[in-house]
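One structure below.
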Amino acid sequence: MKRKHRRLLILVACLAGLGVATGLTLAALRNTLVFFLSPAQVAAKPPPPGQMFRLGGLVLKGSVRHLLKNGHPVNDFTITDGKGSVPVVFGGVLPDLFREGQGIVALGSLQPDGRFVATEVLAKHDANYMPPDVVAALKKSGEWRPSQGEPPPAASWDFGVKTKAGPATRGG
């Protein structure tokens, strides 16, 4: 084998090894990526059941219910962006700053019945902060127009979005 052919063979082997390593890395990362979606995006093209993603928007007024199941807190509420809404179930204690009209981001997955089961709920930390993904979704939906000044307080936003589950009442 000539020296030129040997170098070419080594180069091809290195490129093949690099390609295999890149493919394995991307395959491993694909399962750990978490995407952000707004309720309107979920309504337009729902992700497959069981796929983890972040859902962001505002907690719809009148939709929060706090329940106890087998001695554990379970919370039902609806997240909206003004163009769509998604019912959410969260089994756990909500953050102290969680309330109706609040901008939140929930991490979880969609169930076959259309409910989003959250494993984590994040709420804003002061009066002026809203998660960047939620701000972007609200701007995209046309509900927040920075050219018209600062947005009104989140607690005053009442989109009047109807959900499939119907109106929710406060539970005890």
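By order in the structure tokens, chains are A, B, ...; within a chain, residues start at 1; ligands start at 1, following the order shown.
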
Polymer residues at most 6 Å from region 91-99 of chain A, only C-alpha atoms, same-chain spacing of 6 or more positions, as a PyMOL selection string = chain A and resi 73-74+123

Counting only C-alpha atoms, what are the residues of region 71-119 of chain A within 7 Å of region 39-43 of chain A, and for each of them which pair of atoms is the nearest and at what distance in Å, to one decimal? Sort the table by chain and rising number, as a Markdown table.
| residue | atom | partner | partner_atom | distance |
| --- | --- | --- | --- | --- |
| A:Ile79 | CA | A:Pro39 | CA | 7.0 |
| A:Thr80 | CA | A:Pro39 | CA | 5.8 |
| A:Asp81 | CA | A:Pro39 | CA | 6.1 |
| A:Lys83 | CA | A:Ala40 | CA | 5.5 |
| A:Gly84 | CA | A:Ala40 | CA | 4.3 |
| A:Ser85 | CA | A:Pro39 | CA | 5.0 |
| A:Val86 | CA | A:Pro39 | CA | 5.8 |

inquiry  = Using only C-alpha atoms, which protein or nucleic acid residues come within 10 Å of Val134 (chain A)? Drop anything in the same chain fewer than 3 positions from it, and give the result as number ranges by chain.
reply    = A: 36-38, 55-58, 81, 103-105, 130-131, 137-140

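With CA of Pro132 (chain A) on one side and CA of Arg54 (chain A) on the other, the separation reads 12.4 Å.
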
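Between CA of Lys61 (chain A) and CA of Pro48 (chain A) the separation is 27.8 Å.
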
request  = Give the helix (DSSP H, G or I) residues of region 76-137 of chain A, as DSSP finds them on the backbone, and put them as JSON, numbers by chain.
outcome  = {"A": [132, 133, 134, 135, 136, 137]}

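Here CA of Gln51 (chain A) and CA of Leu26 (chain A) stand 17.0 Å from one another.
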
DSSP-assigned strand (DSSP E) members of region 57-143 of chain A, reported as a ChimeraX atom specification = /A:57-59,65-69,72-80,85-91,103-110,116-123
